[in-house]
file final-v4.tsv (TSV, C-alpha atoms and all ligand atoms)
chain	number	residue	atom	x	y	z
A	1	MET	CA	-15.70	-19.43	80.81
A	2	ILE	CA	-17.33	-19.84	77.39
A	3	LEU	CA	-18.22	-23.08	75.63
A	4	LEU	CA	-17.71	-22.48	71.89
A	5	THR	CA	-18.82	-25.04	69.30
A	6	GLY	CA	-17.43	-25.01	65.76
A	7	ALA	CA	-14.12	-23.73	67.16
A	8	ALA	CA	-12.11	-25.03	64.18
A	9	GLY	CA	-14.56	-23.45	61.73
A	10	PHE	CA	-14.15	-20.09	60.04
A	11	ILE	CA	-16.28	-17.94	62.35
A	12	GLY	CA	-15.61	-20.08	65.44
A	13	PHE	CA	-11.84	-19.81	65.11
A	14	HIS	CA	-11.95	-16.01	64.77
A	15	THR	CA	-14.36	-15.75	67.69
A	16	ALA	CA	-12.16	-17.94	69.89
A	17	LYS	CA	-9.09	-15.89	68.99
A	18	LYS	CA	-10.78	-12.61	69.90
A	19	LEU	CA	-12.22	-13.99	73.15
A	20	LEU	CA	-8.75	-15.22	74.17
A	21	GLN	CA	-7.27	-11.81	73.32
A	22	ASN	CA	-9.93	-10.31	75.58
A	23	GLY	CA	-8.75	-12.52	78.46
A	24	GLN	CA	-11.62	-15.01	78.38
A	25	THR	CA	-11.32	-18.75	78.94
A	26	VAL	CA	-12.63	-20.78	75.99
A	27	ILE	CA	-13.62	-24.44	75.81
A	28	GLY	CA	-13.69	-25.26	72.09
A	29	VAL	CA	-15.53	-28.17	70.51
A	30	ASP	CA	-15.43	-29.29	66.89
A	31	SER	CA	-15.79	-32.61	65.08
A	32	LEU	CA	-13.28	-31.55	62.38
A	33	ASN	CA	-15.53	-33.17	59.78
A	34	ASP	CA	-14.40	-33.37	56.16
A	35	TYR	CA	-17.09	-31.19	54.57
A	36	TYR	CA	-14.11	-29.14	53.37
A	37	ASP	CA	-10.33	-29.40	53.68
A	38	VAL	CA	-9.61	-30.66	57.22
A	39	SER	CA	-6.04	-29.35	57.07
A	40	LEU	CA	-7.43	-25.79	56.94
A	41	LYS	CA	-9.46	-26.49	60.11
A	42	LYS	CA	-6.35	-27.91	61.79
A	43	ALA	CA	-4.27	-24.91	60.69
A	44	ARG	CA	-6.85	-22.56	62.24
A	45	LEU	CA	-6.78	-24.56	65.48
A	46	ALA	CA	-2.97	-24.50	65.50
A	47	GLN	CA	-3.19	-20.69	65.89
A	48	ILE	CA	-5.03	-20.95	69.19
A	49	GLU	CA	-4.57	-24.42	70.69
A	50	ASN	CA	-1.48	-23.56	72.69
A	51	HIS	CA	-3.08	-20.58	74.40
A	52	LYS	CA	-3.18	-21.16	78.16
A	53	ASN	CA	-6.88	-20.26	78.36
A	54	PHE	CA	-7.99	-22.53	75.51
A	55	THR	CA	-8.99	-26.20	75.77
A	56	PHE	CA	-10.08	-28.16	72.72
A	57	HIS	CA	-12.30	-31.24	72.56
A	58	ARG	CA	-12.90	-33.12	69.33
A	59	ALA	CA	-16.52	-34.23	69.47
A	60	ASN	CA	-19.76	-34.38	67.52
A	61	ILE	CA	-22.32	-32.04	69.10
A	62	ALA	CA	-25.08	-34.48	68.11
A	63	ASP	CA	-23.46	-37.05	70.43
A	64	HIS	CA	-25.16	-35.79	73.55
A	65	LYS	CA	-23.34	-38.09	75.94
A	66	ALA	CA	-19.97	-36.89	74.62
A	67	MET	CA	-21.09	-33.27	75.12
A	68	GLN	CA	-22.27	-34.00	78.66
A	69	ASP	CA	-18.89	-35.54	79.47
A	70	ILE	CA	-17.09	-32.45	78.15
A	71	VAL	CA	-19.27	-30.05	80.12
A	72	ALA	CA	-18.79	-32.12	83.28
A	73	LYS	CA	-15.03	-31.48	82.98
A	74	HIS	CA	-15.58	-27.70	82.95
A	75	PRO	CA	-17.94	-26.70	85.76
A	76	GLY	CA	-17.06	-22.99	85.25
A	77	ILE	CA	-18.95	-22.60	81.94
A	78	THR	CA	-21.20	-19.53	82.15
A	79	ALA	CA	-22.14	-18.92	78.49
A	80	ILE	CA	-22.38	-20.82	75.21
A	81	ILE	CA	-21.58	-19.67	71.69
A	82	HIS	CA	-22.90	-22.41	69.45
A	83	LEU	CA	-21.59	-22.12	65.89
A	84	ALA	CA	-21.06	-25.77	64.85
A	85	ALA	CA	-23.35	-26.66	61.97
A	86	GLN	CA	-23.54	-28.25	58.59
A	87	ALA	CA	-23.33	-25.17	56.38
A	88	GLY	CA	-23.71	-24.73	52.63
A	89	VAL	CA	-26.77	-24.71	50.43
A	90	ARG	CA	-25.65	-26.92	47.55
A	91	TYR	CA	-24.22	-29.78	49.62
A	92	SER	CA	-27.68	-30.38	51.11
A	93	ILE	CA	-28.94	-31.73	47.79
A	94	GLU	CA	-26.54	-34.72	48.01
A	95	ASN	CA	-26.18	-34.98	51.81
A	96	PRO	CA	-29.51	-34.10	53.45
A	97	PHE	CA	-28.93	-36.19	56.56
A	98	ALA	CA	-25.76	-34.30	57.49
A	99	TYR	CA	-28.04	-31.26	58.05
A	100	ALA	CA	-30.47	-33.22	60.20
A	101	GLU	CA	-27.62	-34.51	62.35
A	102	SER	CA	-25.69	-31.28	62.96
A	103	ASN	CA	-28.41	-28.64	62.69
A	104	LEU	CA	-31.43	-30.42	64.21
A	105	THR	CA	-30.12	-33.17	66.54
A	106	GLY	CA	-27.01	-31.05	67.21
A	107	GLN	CA	-29.07	-27.97	68.04
A	108	LEU	CA	-31.31	-29.99	70.38
A	109	SER	CA	-28.26	-31.55	72.00
A	110	MET	CA	-26.79	-28.09	72.65
A	111	LEU	CA	-30.08	-26.81	74.03
A	112	GLU	CA	-30.14	-29.76	76.44
A	113	ILE	CA	-26.57	-28.87	77.42
A	114	ALA	CA	-27.69	-25.27	78.01
A	115	ARG	CA	-30.63	-26.51	80.07
A	116	GLY	CA	-28.28	-28.55	82.23
A	117	ILE	CA	-25.94	-25.64	83.11
A	118	LYS	CA	-27.11	-23.84	86.23
A	119	ASN	CA	-27.33	-20.07	85.87
A	120	LEU	CA	-26.22	-20.06	82.24
A	121	SER	CA	-26.08	-16.36	81.37
A	122	HIS	CA	-26.68	-16.68	77.60
A	123	PHE	CA	-27.01	-19.23	74.80
A	124	VAL	CA	-25.91	-17.51	71.58
A	125	TYR	CA	-26.22	-19.58	68.41
A	126	ALA	CA	-25.68	-19.14	64.68
A	127	SER	CA	-28.59	-18.80	62.34
A	128	SER	CA	-28.48	-17.58	58.76
A	129	SER	CA	-29.79	-14.95	56.35
A	130	SER	CA	-30.92	-17.88	54.20
A	131	VAL	CA	-33.99	-18.26	56.46
A	132	TYR	CA	-35.51	-15.26	54.64
A	133	GLY	CA	-35.82	-17.21	51.36
A	134	ASN	CA	-37.08	-15.35	48.30
A	135	SER	CA	-40.34	-14.10	49.73
A	136	SER	CA	-39.00	-11.55	52.23
A	137	THR	CA	-38.75	-7.87	51.30
A	138	ALA	CA	-35.27	-6.28	51.44
A	139	PRO	CA	-33.89	-5.09	53.76
A	140	PHE	CA	-34.76	-8.28	55.62
A	141	SER	CA	-36.27	-7.59	59.01
A	142	THR	CA	-36.47	-10.11	61.84
A	143	LYS	CA	-40.19	-9.23	61.90
A	144	GLU	CA	-40.64	-11.17	58.62
A	145	ARG	CA	-42.21	-14.60	59.13
A	146	ALA	CA	-39.35	-16.34	57.30
A	147	ASP	CA	-41.40	-19.50	56.87
A	148	GLU	CA	-40.72	-20.22	53.18
A	149	PRO	CA	-37.14	-21.58	53.07
A	150	VAL	CA	-35.83	-22.45	49.61
A	151	SER	CA	-33.10	-24.85	50.77
A	152	LEU	CA	-32.90	-27.66	53.30
A	153	TYR	CA	-30.04	-25.78	54.97
A	154	ALA	CA	-32.32	-22.77	55.50
A	155	ALA	CA	-35.14	-25.01	56.75
A	156	THR	CA	-32.86	-26.58	59.38
A	157	LYS	CA	-31.55	-23.16	60.48
A	158	ARG	CA	-35.09	-21.83	60.87
A	159	ALA	CA	-36.07	-25.01	62.72
A	160	GLY	CA	-33.09	-24.45	65.03
A	161	GLU	CA	-34.49	-21.02	65.91
A	162	LEU	CA	-37.87	-22.52	66.73
A	163	LEU	CA	-36.28	-25.21	68.92
A	164	ALA	CA	-34.38	-22.47	70.80
A	165	HIS	CA	-37.56	-20.41	71.19
A	166	SER	CA	-39.39	-23.34	72.77
A	167	TYR	CA	-36.51	-24.07	75.17
A	168	ALA	CA	-36.20	-20.42	76.16
A	169	GLY	CA	-39.89	-20.41	77.11
A	170	LEU	CA	-39.93	-23.80	78.80
A	171	TYR	CA	-36.69	-23.55	80.75
A	172	ARG	CA	-36.00	-19.78	80.84
A	173	ILE	CA	-32.74	-20.10	78.91
A	174	PRO	CA	-31.75	-16.60	77.71
A	175	SER	CA	-31.02	-17.20	74.01
A	176	THR	CA	-30.15	-15.21	70.90
A	177	GLY	CA	-30.02	-16.52	67.34
A	178	LEU	CA	-27.70	-14.48	65.15
A	179	ARG	CA	-28.60	-14.50	61.45
A	180	PHE	CA	-25.26	-14.06	59.70
A	181	PHE	CA	-25.18	-12.58	56.19
A	182	THR	CA	-22.51	-14.04	53.83
A	183	VAL	CA	-19.44	-13.82	56.04
A	184	TYR	CA	-16.01	-13.56	54.36
A	185	GLY	CA	-12.40	-12.92	55.30
A	186	PRO	CA	-9.00	-14.52	56.00
A	187	TRP	CA	-9.13	-18.21	57.02
A	188	GLY	CA	-12.51	-18.37	55.24
A	189	ARG	CA	-14.50	-21.28	53.90
A	190	PRO	CA	-13.32	-22.89	50.65
A	191	ASP	CA	-16.90	-23.77	49.63
A	192	MET	CA	-17.95	-20.12	49.45
A	193	ALA	CA	-17.92	-18.12	46.20
A	194	TYR	CA	-15.36	-15.48	47.21
A	195	PHE	CA	-12.92	-18.28	48.07
A	196	SER	CA	-13.54	-20.55	45.06
A	197	PHE	CA	-13.52	-17.55	42.67
A	198	THR	CA	-10.17	-16.37	44.05
A	199	LYS	CA	-8.73	-19.88	43.69
A	200	ALA	CA	-10.01	-20.26	40.11
A	201	ILE	CA	-8.75	-16.82	39.02
A	202	VAL	CA	-5.29	-17.48	40.51
A	203	GLU	CA	-5.19	-20.85	38.71
A	204	GLY	CA	-6.42	-19.36	35.41
A	205	LYS	CA	-9.58	-21.49	35.51
A	206	PRO	CA	-13.09	-20.25	34.57
A	207	ILE	CA	-15.61	-19.17	37.19
A	208	LYS	CA	-19.38	-19.71	37.01
A	209	VAL	CA	-21.24	-16.42	37.05
A	210	PHE	CA	-24.74	-17.27	38.21
A	211	ASN	CA	-27.72	-15.41	36.72
A	212	GLN	CA	-25.32	-13.25	34.61
A	213	GLY	CA	-23.99	-11.62	37.78
A	214	ASP	CA	-27.47	-10.38	38.70
A	215	LEU	CA	-27.52	-11.64	42.31
A	216	ARG	CA	-27.15	-9.38	45.33
A	217	ARG	CA	-25.35	-10.42	48.48
A	218	ASP	CA	-24.83	-8.55	51.73
A	219	PHE	CA	-21.17	-9.54	52.28
A	220	THR	CA	-20.10	-9.07	55.89
A	221	TYR	CA	-16.49	-8.99	57.01
A	222	ILE	CA	-15.44	-11.51	59.67
A	223	ASP	CA	-14.18	-8.93	62.21
A	224	ASP	CA	-17.56	-7.16	62.15
A	225	ILE	CA	-19.33	-10.48	62.76
A	226	VAL	CA	-17.00	-11.38	65.64
A	227	ASN	CA	-17.61	-7.99	67.26
A	228	GLY	CA	-21.35	-8.61	66.98
A	229	ILE	CA	-21.11	-12.10	68.53
A	230	ILE	CA	-18.94	-10.95	71.42
A	231	SER	CA	-21.08	-7.92	72.14
A	232	CYS	CA	-24.15	-10.19	72.14
A	233	ILE	CA	-22.79	-12.51	74.84
A	234	GLY	CA	-23.04	-9.76	77.47
A	235	LYS	CA	-26.57	-8.72	76.44
A	236	PRO	CA	-28.98	-11.59	77.07
A	237	PRO	CA	-32.69	-10.97	76.43
A	238	VAL	CA	-34.91	-10.53	79.47
A	239	SER	CA	-38.56	-11.58	79.09
A	240	ASP	CA	-40.90	-14.46	79.88
A	241	THR	CA	-39.66	-16.23	76.78
A	242	PRO	CA	-36.11	-14.88	76.67
A	243	HIS	CA	-35.38	-15.61	73.02
A	244	ARG	CA	-34.78	-13.28	70.08
A	245	VAL	CA	-33.17	-13.34	66.67
A	246	LEU	CA	-30.92	-10.55	65.37
A	247	ASN	CA	-29.42	-9.86	61.94
A	248	LEU	CA	-25.67	-9.48	61.62
A	249	GLY	CA	-25.10	-8.14	58.11
A	250	ASN	CA	-23.22	-5.34	56.43
A	251	HIS	CA	-26.42	-3.67	55.21
A	252	ARG	CA	-24.72	-2.78	51.89
A	253	PRO	CA	-25.57	-5.50	49.32
A	254	VAL	CA	-23.33	-5.85	46.27
A	255	MET	CA	-24.09	-7.28	42.80
A	256	LEU	CA	-22.25	-10.55	42.07
A	257	GLY	CA	-20.66	-8.95	38.98
A	258	ASP	CA	-19.21	-6.05	41.02
A	259	PHE	CA	-18.05	-8.46	43.69
A	260	ILE	CA	-16.07	-10.40	41.05
A	261	SER	CA	-14.50	-7.13	39.84
A	262	THR	CA	-13.39	-6.36	43.41
A	263	ILE	CA	-11.63	-9.75	43.60
A	264	GLU	CA	-10.04	-9.15	40.15
A	265	ASN	CA	-8.73	-5.76	41.30
A	266	ALA	CA	-7.31	-7.21	44.52
A	267	LEU	CA	-5.60	-10.01	42.60
A	268	GLY	CA	-4.53	-7.87	39.64
A	269	GLN	CA	-5.83	-10.68	37.42
A	270	LYS	CA	-8.93	-11.03	35.23
A	271	ALA	CA	-11.46	-13.82	35.68
A	272	ILE	CA	-12.57	-16.09	32.86
A	273	ARG	CA	-16.33	-15.72	33.29
A	274	GLU	CA	-18.80	-18.45	32.26
A	275	ASP	CA	-22.54	-17.82	32.47
A	276	ALA	CA	-24.55	-20.23	34.61
A	277	PRO	CA	-28.22	-20.31	35.68
A	278	MET	CA	-29.13	-19.70	39.32
A	279	ALA	CA	-28.40	-22.82	41.37
A	280	PRO	CA	-31.28	-24.63	43.12
A	281	GLY	CA	-31.69	-23.38	46.70
A	282	ASP	CA	-29.95	-20.05	45.96
A	283	VAL	CA	-31.80	-16.84	46.75
A	284	TYR	CA	-31.75	-13.75	44.53
A	285	GLU	CA	-30.89	-11.21	47.18
A	286	THR	CA	-29.81	-10.78	50.80
A	287	CYS	CA	-29.78	-7.50	52.69
A	288	ALA	CA	-29.87	-7.13	56.46
A	289	ASP	CA	-32.04	-4.70	58.37
A	290	ILE	CA	-29.73	-4.07	61.33
A	291	THR	CA	-31.86	-1.55	63.23
A	292	ASP	CA	-32.34	-3.91	66.20
A	293	SER	CA	-28.74	-5.17	66.22
A	294	LYS	CA	-27.54	-1.55	66.31
A	295	ALA	CA	-29.91	-0.64	69.13
A	296	ILE	CA	-29.32	-3.78	71.24
A	297	LEU	CA	-25.71	-4.70	70.49
A	298	GLY	CA	-24.27	-1.43	69.19
A	299	PHE	CA	-23.57	-3.42	66.02
A	300	GLU	CA	-22.03	-1.12	63.41
A	301	PRO	CA	-20.19	-2.90	60.58
A	302	GLN	CA	-17.01	-1.05	59.62
A	303	THR	CA	-15.53	-2.96	56.71
A	304	THR	CA	-16.49	-2.33	53.09
A	305	LEU	CA	-15.81	-4.93	50.39
A	306	ASP	CA	-12.97	-2.75	49.01
A	307	ILE	CA	-11.16	-3.11	52.33
A	308	GLY	CA	-12.17	-6.67	53.23
A	309	ILE	CA	-11.54	-8.49	49.94
A	310	PRO	CA	-7.87	-7.39	49.68
A	311	LYS	CA	-7.37	-8.65	53.25
A	312	PHE	CA	-8.78	-12.02	52.21
A	313	VAL	CA	-6.66	-12.09	49.05
A	314	ASP	CA	-3.48	-11.25	51.02
A	315	TRP	CA	-4.20	-14.11	53.41
A	316	TYR	CA	-5.00	-16.49	50.51
A	317	ARG	CA	-1.70	-15.68	48.78
A	318	ALA	CA	0.31	-16.09	51.99
A	319	TYR	CA	-1.42	-19.32	53.09
A	320	TYR	CA	-1.34	-21.10	49.72
A	321	GLY	CA	1.89	-19.49	48.52
A	322	ALA	CA	-0.06	-18.33	45.45
A	401	LIG	N1	-19.98	-18.18	56.85
A	401	LIG	C1	-21.17	-17.67	56.54
A	401	LIG	O1	-21.31	-16.88	55.59
A	401	LIG	C2	-22.39	-18.02	57.36
A	401	LIG	C3	-23.60	-17.40	57.01
A	401	LIG	C4	-24.73	-17.72	57.74
A	401	LIG	C5	-24.66	-18.59	58.80
A	401	LIG	N2	-23.48	-19.20	59.11
A	401	LIG	C6	-23.47	-20.12	60.24
A	401	LIG	O2	-22.39	-19.76	61.08
A	401	LIG	C7	-21.87	-20.92	61.73
A	401	LIG	C8	-20.38	-21.01	61.48
A	401	LIG	O3	-20.18	-21.06	60.07
A	401	LIG	P1	-18.75	-21.08	59.41
A	401	LIG	O4	-18.81	-20.28	58.17
A	401	LIG	O5	-17.71	-20.83	60.41
A	401	LIG	O6	-18.71	-22.61	58.96
A	401	LIG	P2	-17.57	-23.74	59.15
A	401	LIG	O7	-18.07	-24.92	58.38
A	401	LIG	O8	-16.25	-23.18	58.78
A	401	LIG	O9	-17.62	-24.02	60.70
A	401	LIG	C9	-18.46	-24.94	61.31
A	401	LIG	C10	-17.60	-25.88	62.13
A	401	LIG	O10	-18.49	-26.77	62.81
A	401	LIG	C11	-17.95	-28.06	62.77
A	401	LIG	N3	-19.07	-29.00	62.85
A	401	LIG	C12	-20.02	-29.24	61.91
A	401	LIG	N4	-20.88	-30.17	62.36
A	401	LIG	C13	-20.47	-30.50	63.62
A	401	LIG	C14	-20.94	-31.41	64.58
A	401	LIG	N5	-22.03	-32.17	64.36
A	401	LIG	N6	-20.27	-31.49	65.75
A	401	LIG	C15	-19.17	-30.73	66.01
A	401	LIG	N7	-18.66	-29.87	65.10
A	401	LIG	C16	-19.31	-29.76	63.93
A	401	LIG	C17	-17.20	-28.17	61.47
A	401	LIG	O11	-16.14	-29.13	61.54
A	401	LIG	C18	-16.67	-26.74	61.29
A	401	LIG	O12	-15.33	-26.63	61.76
A	401	LIG	C19	-22.67	-22.09	61.18
A	401	LIG	O13	-23.70	-22.36	62.09
A	401	LIG	C20	-23.24	-21.57	59.88
A	401	LIG	O14	-24.43	-22.23	59.54
A	401	LIG	C21	-22.34	-18.93	58.41
call {"tool": "encode", "arguments": {"input": "final-v4.tsv", "output": "structure tokens"}}
result
Amino acid sequence: MILLTGAAGFIGFHTAKKLLQNGQTVIGVDSLNDYYDVSLKKARLAQIENHKNFTFHRANIADHKAMQDIVAKHPGITAIIHLAAQAGVRYSIENPFAYAESNLTGQLSMLEIARGIKNLSHFVYASSSSVYGNSSTAPFSTKERADEPVSLYAATKRAGELLAHSYAGLYRIPSTGLRFFTVYGPWGRPDMAYFSFTKAIVEGKPIKVFNQGDLRRDFTYIDDIVNGIISCIGKPPVSDTPHRVLNLGNHRPVMLGDFISTIENALGQKAIREDAPMAPGDVYETCADITDSKAILGFEPQTTLDIGIPKFVDWYRAYYGA
């Protein structure tokens, strides 16, 4: 039985769906906050909530008492996949305390939950490629110090890793932080560029092309990420301080300009491009070194942008009737 936080979120929903297909029992938690369209979160949940092996609890992970009450109802929990977080780089400029609540207090609350579960096999939690900032050398290796975050979001994600490291050492909680690299796909997040660009192009509205398209992102398809997460659950680290971080990225970065062309081709429509400077908190490049993830998890991303973007666009058209 797996406790999964962020179950109504993009990655959480897909992970829950795959776990259920694999015959697992999933206890999902999500606050359904309104950072983006709540109806999309509810529509994701509607796909899985009637499954006999799925139970959903609406709760804030930072509310530790509420989380304790949930866990007490499910004594069979053996592993945790903790994906609930306040995501997004730009939102942190206006709403810094949302990041402290979900990513710092929430992470600590989940670590305390992990500490309280006897014989927990593995605590797997989401980190982010943003922890590498602008000072790491591509491809980004987990051996980099990653101690110069350029956004508050990145700082809270890196802090979450350090909290997990201390708990793993103190209480012997086997833990893995997965640094996801720009995840995209059907049922995705409306605040992310691939989604907002698609929406704007369909509606004939202009899109902002940051840094004249000269930004590189390691876009990773959702199914590849889910395979990495699920493979990780069965492979906890074994050491005195059983904590590690692993990159889950496609390892094939793409220029923003080319990425926009891929969306245009999938839609059969041209974008109206407007130049914009790089946004504060944005990094120039992301590119995952996946040597360790391959060796430890057998992680081998399969989906190129040419395959993945049309799948997203097909979903977008069907879901929004566009
Ligand atoms: N999507 C990406 O490209 C990407 C990249 C790097 C890291 N991540 C990380 O992966 C994880 C999942 O991201 P996602 O893209 O699915 O985002 P998402 O926003 O779609 O999902 C997160 C879910 O967590 C829930 N949530 C937020 N705060 C909560 C709280 N305090 N209590 C309970 N629920 C809460 C939200 O309602 C949401 O449904 C996050 O930790 C994110 O930081 C995502």
call {"tool": "residues_near_point", "arguments": {"input": "final-v4.tsv", "point": "(-14.8, -28.9, 57.8)", "cutoff": "10 Å", "atoms": "only C-alpha atoms", "output": "list of chain:residue names"}}
result
A:Gly6, A:Ala8, A:Gly9, A:Phe10, A:Asp30, A:Ser31, A:Leu32, A:Asn33, A:Asp34, A:Tyr35, A:Tyr36, A:Asp37, A:Val38, A:Ser39, A:Leu40, A:Lys41, A:Lys42, A:Ala84, A:Ala85, A:Gln86, A:Ala87, A:Arg189, A:Pro190, A:Asp191
call {"tool": "closest_residue", "arguments": {"input": "final-v4.tsv", "among": "A:Gly76, A:Gly228, A:Gly234, A:Gly249", "to": "ligand LIG 401 (chain A)", "atoms": "all atoms listed in the file"}}
result
A:Gly249
call {"tool": "residues_around", "arguments": {"input": "final-v4.tsv", "residues": "region 129-136 of chain A", "least_positions_apart": "5", "cutoff": "6 Å", "atoms": "only C-alpha atoms", "output": "list in words"}}
result
Ala146, Pro149, Val150, Ala154, Arg158, Arg179, Phe180, Phe181 and Val283 of chain A
call {"tool": "write_last_selection", "arguments": {"input": "final-v4.tsv", "atoms": "C-alpha atoms", "output": "short mmCIF file (atom, residue, chain, number, x, y, z; two decimals), in the coordinates of the input"}}
result
data_model
loop_
_atom_site.label_atom_id
_atom_site.label_comp_id
_atom_site.auth_asym_id
_atom_site.auth_seq_id
_atom_site.Cartn_x
_atom_site.Cartn_y
_atom_site.Cartn_z
CA ALA A 146 -39.35 -16.34 57.30
CA PRO A 149 -37.14 -21.58 53.07
CA VAL A 150 -35.83 -22.45 49.61
CA ALA A 154 -32.32 -22.77 55.50
CA ARG A 158 -35.09 -21.83 60.87
CA ARG A 179 -28.60 -14.50 61.45
CA PHE A 180 -25.26 -14.06 59.70
CA PHE A 181 -25.18 -12.58 56.19
CA VAL A 283 -31.80 -16.84 46.75
#
call {"tool": "atom_distance", "arguments": {"input": "final-v4.tsv", "atom1": "CA of Ala16 (chain A)", "atom2": "CA of Lys199 (chain A)"}}
result
26.5 Å
call {"tool": "axis_aligned_box", "arguments": {"input": "final-v4.tsv", "around": "ligand LIG 401 (chain A)", "padding_each_side": "5 Å", "output": "AutoDock Vina command-line options"}}
result
--center_x -20.0 --center_y -24.5 --center_z 60.8 --size_x 19.4 --size_y 25.3 --size_z 20.4
call {"tool": "closest_residue", "arguments": {"input": "final-v4.tsv", "among": "A:Ile173, A:Val29, A:Cys232, A:Leu246", "to": "Ser141 (chain A)", "atoms": "only C-alpha atoms"}}
result
A:Leu246
call {"tool": "closest_residue", "arguments": {"input": "final-v4.tsv", "among": "A:Lys311, A:Lys65, A:Lys270, A:Lys235", "to": "Tyr221 (chain A)", "atoms": "all atoms listed in the file"}}
result
A:Lys311
call {"tool": "closest_residue", "arguments": {"input": "final-v4.tsv", "among": "A:Asn22, A:Thr137, A:Thr15, A:Ser166", "to": "ligand LIG 401 (chain A)", "atoms": "only C-alpha atoms and all ligand atoms"}}
result
A:Thr15
call {"tool": "atom_distance", "arguments": {"input": "final-v4.tsv", "atom1": "CA of Ala46 (chain A)", "atom2": "CA of Val71 (chain A)"}}
result
22.6 Å
call {"tool": "closest_residue", "arguments": {"input": "final-v4.tsv", "among": "A:Lys205, A:Lys52, A:His165, A:Arg90", "to": "Ile272 (chain A)", "atoms": "only C-alpha atoms"}}
result
A:Lys205
call {"tool": "closest_residue", "arguments": {"input": "final-v4.tsv", "among": "A:Tyr284, A:Tyr319, A:Phe56, A:Tyr184", "to": "Asn211 (chain A)", "atoms": "all atoms listed in the file"}}
result
A:Tyr284
call {"tool": "residues_near_point", "arguments": {"input": "final-v4.tsv", "point": "(-32.0, -21.9, 75.3)", "cutoff": "10 Å", "atoms": "all atoms listed in the file", "output": "ChimeraX atom specification"}}
result
/A:80,107-108,110-115,120,122-125,161,163-177,241-243
call {"tool": "atom_distance", "arguments": {"input": "final-v4.tsv", "atom1": "CA of Gln47 (chain A)", "atom2": "CA of Phe13 (chain A)"}}
result
8.7 Å
call {"tool": "residues_around", "arguments": {"input": "final-v4.tsv", "residues": "Leu248 (chain A)", "least_positions_apart": "3", "cutoff": "9 Å", "atoms": "all atoms listed in the file", "output": "mmCIF file with C-alpha atoms, in the frame of the given file"}}
result
data_model
loop_
_atom_site.group_PDB
_atom_site.id
_atom_site.type_symbol
_atom_site.label_atom_id
_atom_site.label_comp_id
_atom_site.auth_asym_id
_atom_site.auth_seq_id
_atom_site.Cartn_x
_atom_site.Cartn_y
_atom_site.Cartn_z
ATOM 1 C CA SER A 129 -29.790 -14.950 56.350
ATOM 2 C CA LEU A 178 -27.700 -14.480 65.150
ATOM 3 C CA ARG A 179 -28.600 -14.500 61.450
ATOM 4 C CA PHE A 180 -25.260 -14.060 59.700
ATOM 5 C CA PHE A 181 -25.180 -12.580 56.190
ATOM 6 C CA THR A 220 -20.100 -9.070 55.890
ATOM 7 C CA ASP A 224 -17.560 -7.160 62.150
ATOM 8 C CA ILE A 225 -19.330 -10.480 62.760
ATOM 9 C CA GLY A 228 -21.350 -8.610 66.980
ATOM 10 C CA ILE A 229 -21.110 -12.100 68.530
ATOM 11 C CA HIS A 251 -26.420 -3.670 55.210
ATOM 12 C CA ALA A 288 -29.870 -7.130 56.460
ATOM 13 C CA ASP A 289 -32.040 -4.700 58.370
ATOM 14 C CA ILE A 290 -29.730 -4.070 61.330
ATOM 15 C CA SER A 293 -28.740 -5.170 66.220
ATOM 16 C CA PHE A 299 -23.570 -3.420 66.020
ATOM 17 C CA PRO A 301 -20.190 -2.900 60.580
#
call {"tool": "residues_around", "arguments": {"input": "final-v4.tsv", "residues": "Glu203 (chain A)", "least_positions_apart": "2", "cutoff": "12 Å", "atoms": "only C-alpha atoms", "output": "list of chain:residue names"}}
result
A:Ser196, A:Phe197, A:Thr198, A:Lys199, A:Ala200, A:Ile201, A:Lys205, A:Pro206, A:Ile207, A:Leu267, A:Gln269, A:Lys270, A:Ala271, A:Ile272, A:Arg317, A:Tyr320, A:Ala322
call {"tool": "residues_around", "arguments": {"input": "final-v4.tsv", "residues": "Gly23 (chain A)", "least_positions_apart": "3", "cutoff": "12 Å", "atoms": "only C-alpha atoms", "output": "list in words"}}
result
Met1, Ile2, Ala16, Lys17, Lys18, Leu19, Leu20, Val26, His51, Lys52, Asn53 and Phe54 of chain A
call {"tool": "write_last_selection", "arguments": {"input": "final-v4.tsv", "atoms": "C-alpha atoms", "output": "mmCIF file, keeping the file's coordinate frame"}}
result
data_model
loop_
_atom_site.group_PDB
_atom_site.id
_atom_site.type_symbol
_atom_site.label_atom_id
_atom_site.label_comp_id
_atom_site.auth_asym_id
_atom_site.auth_seq_id
_atom_site.Cartn_x
_atom_site.Cartn_y
_atom_site.Cartn_z
ATOM 1 C CA MET A 1 -15.700 -19.430 80.810
ATOM 2 C CA ILE A 2 -17.330 -19.840 77.390
ATOM 3 C CA ALA A 16 -12.160 -17.940 69.890
ATOM 4 C CA LYS A 17 -9.090 -15.890 68.990
ATOM 5 C CA LYS A 18 -10.780 -12.610 69.900
ATOM 6 C CA LEU A 19 -12.220 -13.990 73.150
ATOM 7 C CA LEU A 20 -8.750 -15.220 74.170
ATOM 8 C CA VAL A 26 -12.630 -20.780 75.990
ATOM 9 C CA HIS A 51 -3.080 -20.580 74.400
ATOM 10 C CA LYS A 52 -3.180 -21.160 78.160
ATOM 11 C CA ASN A 53 -6.880 -20.260 78.360
ATOM 12 C CA PHE A 54 -7.990 -22.530 75.510
#
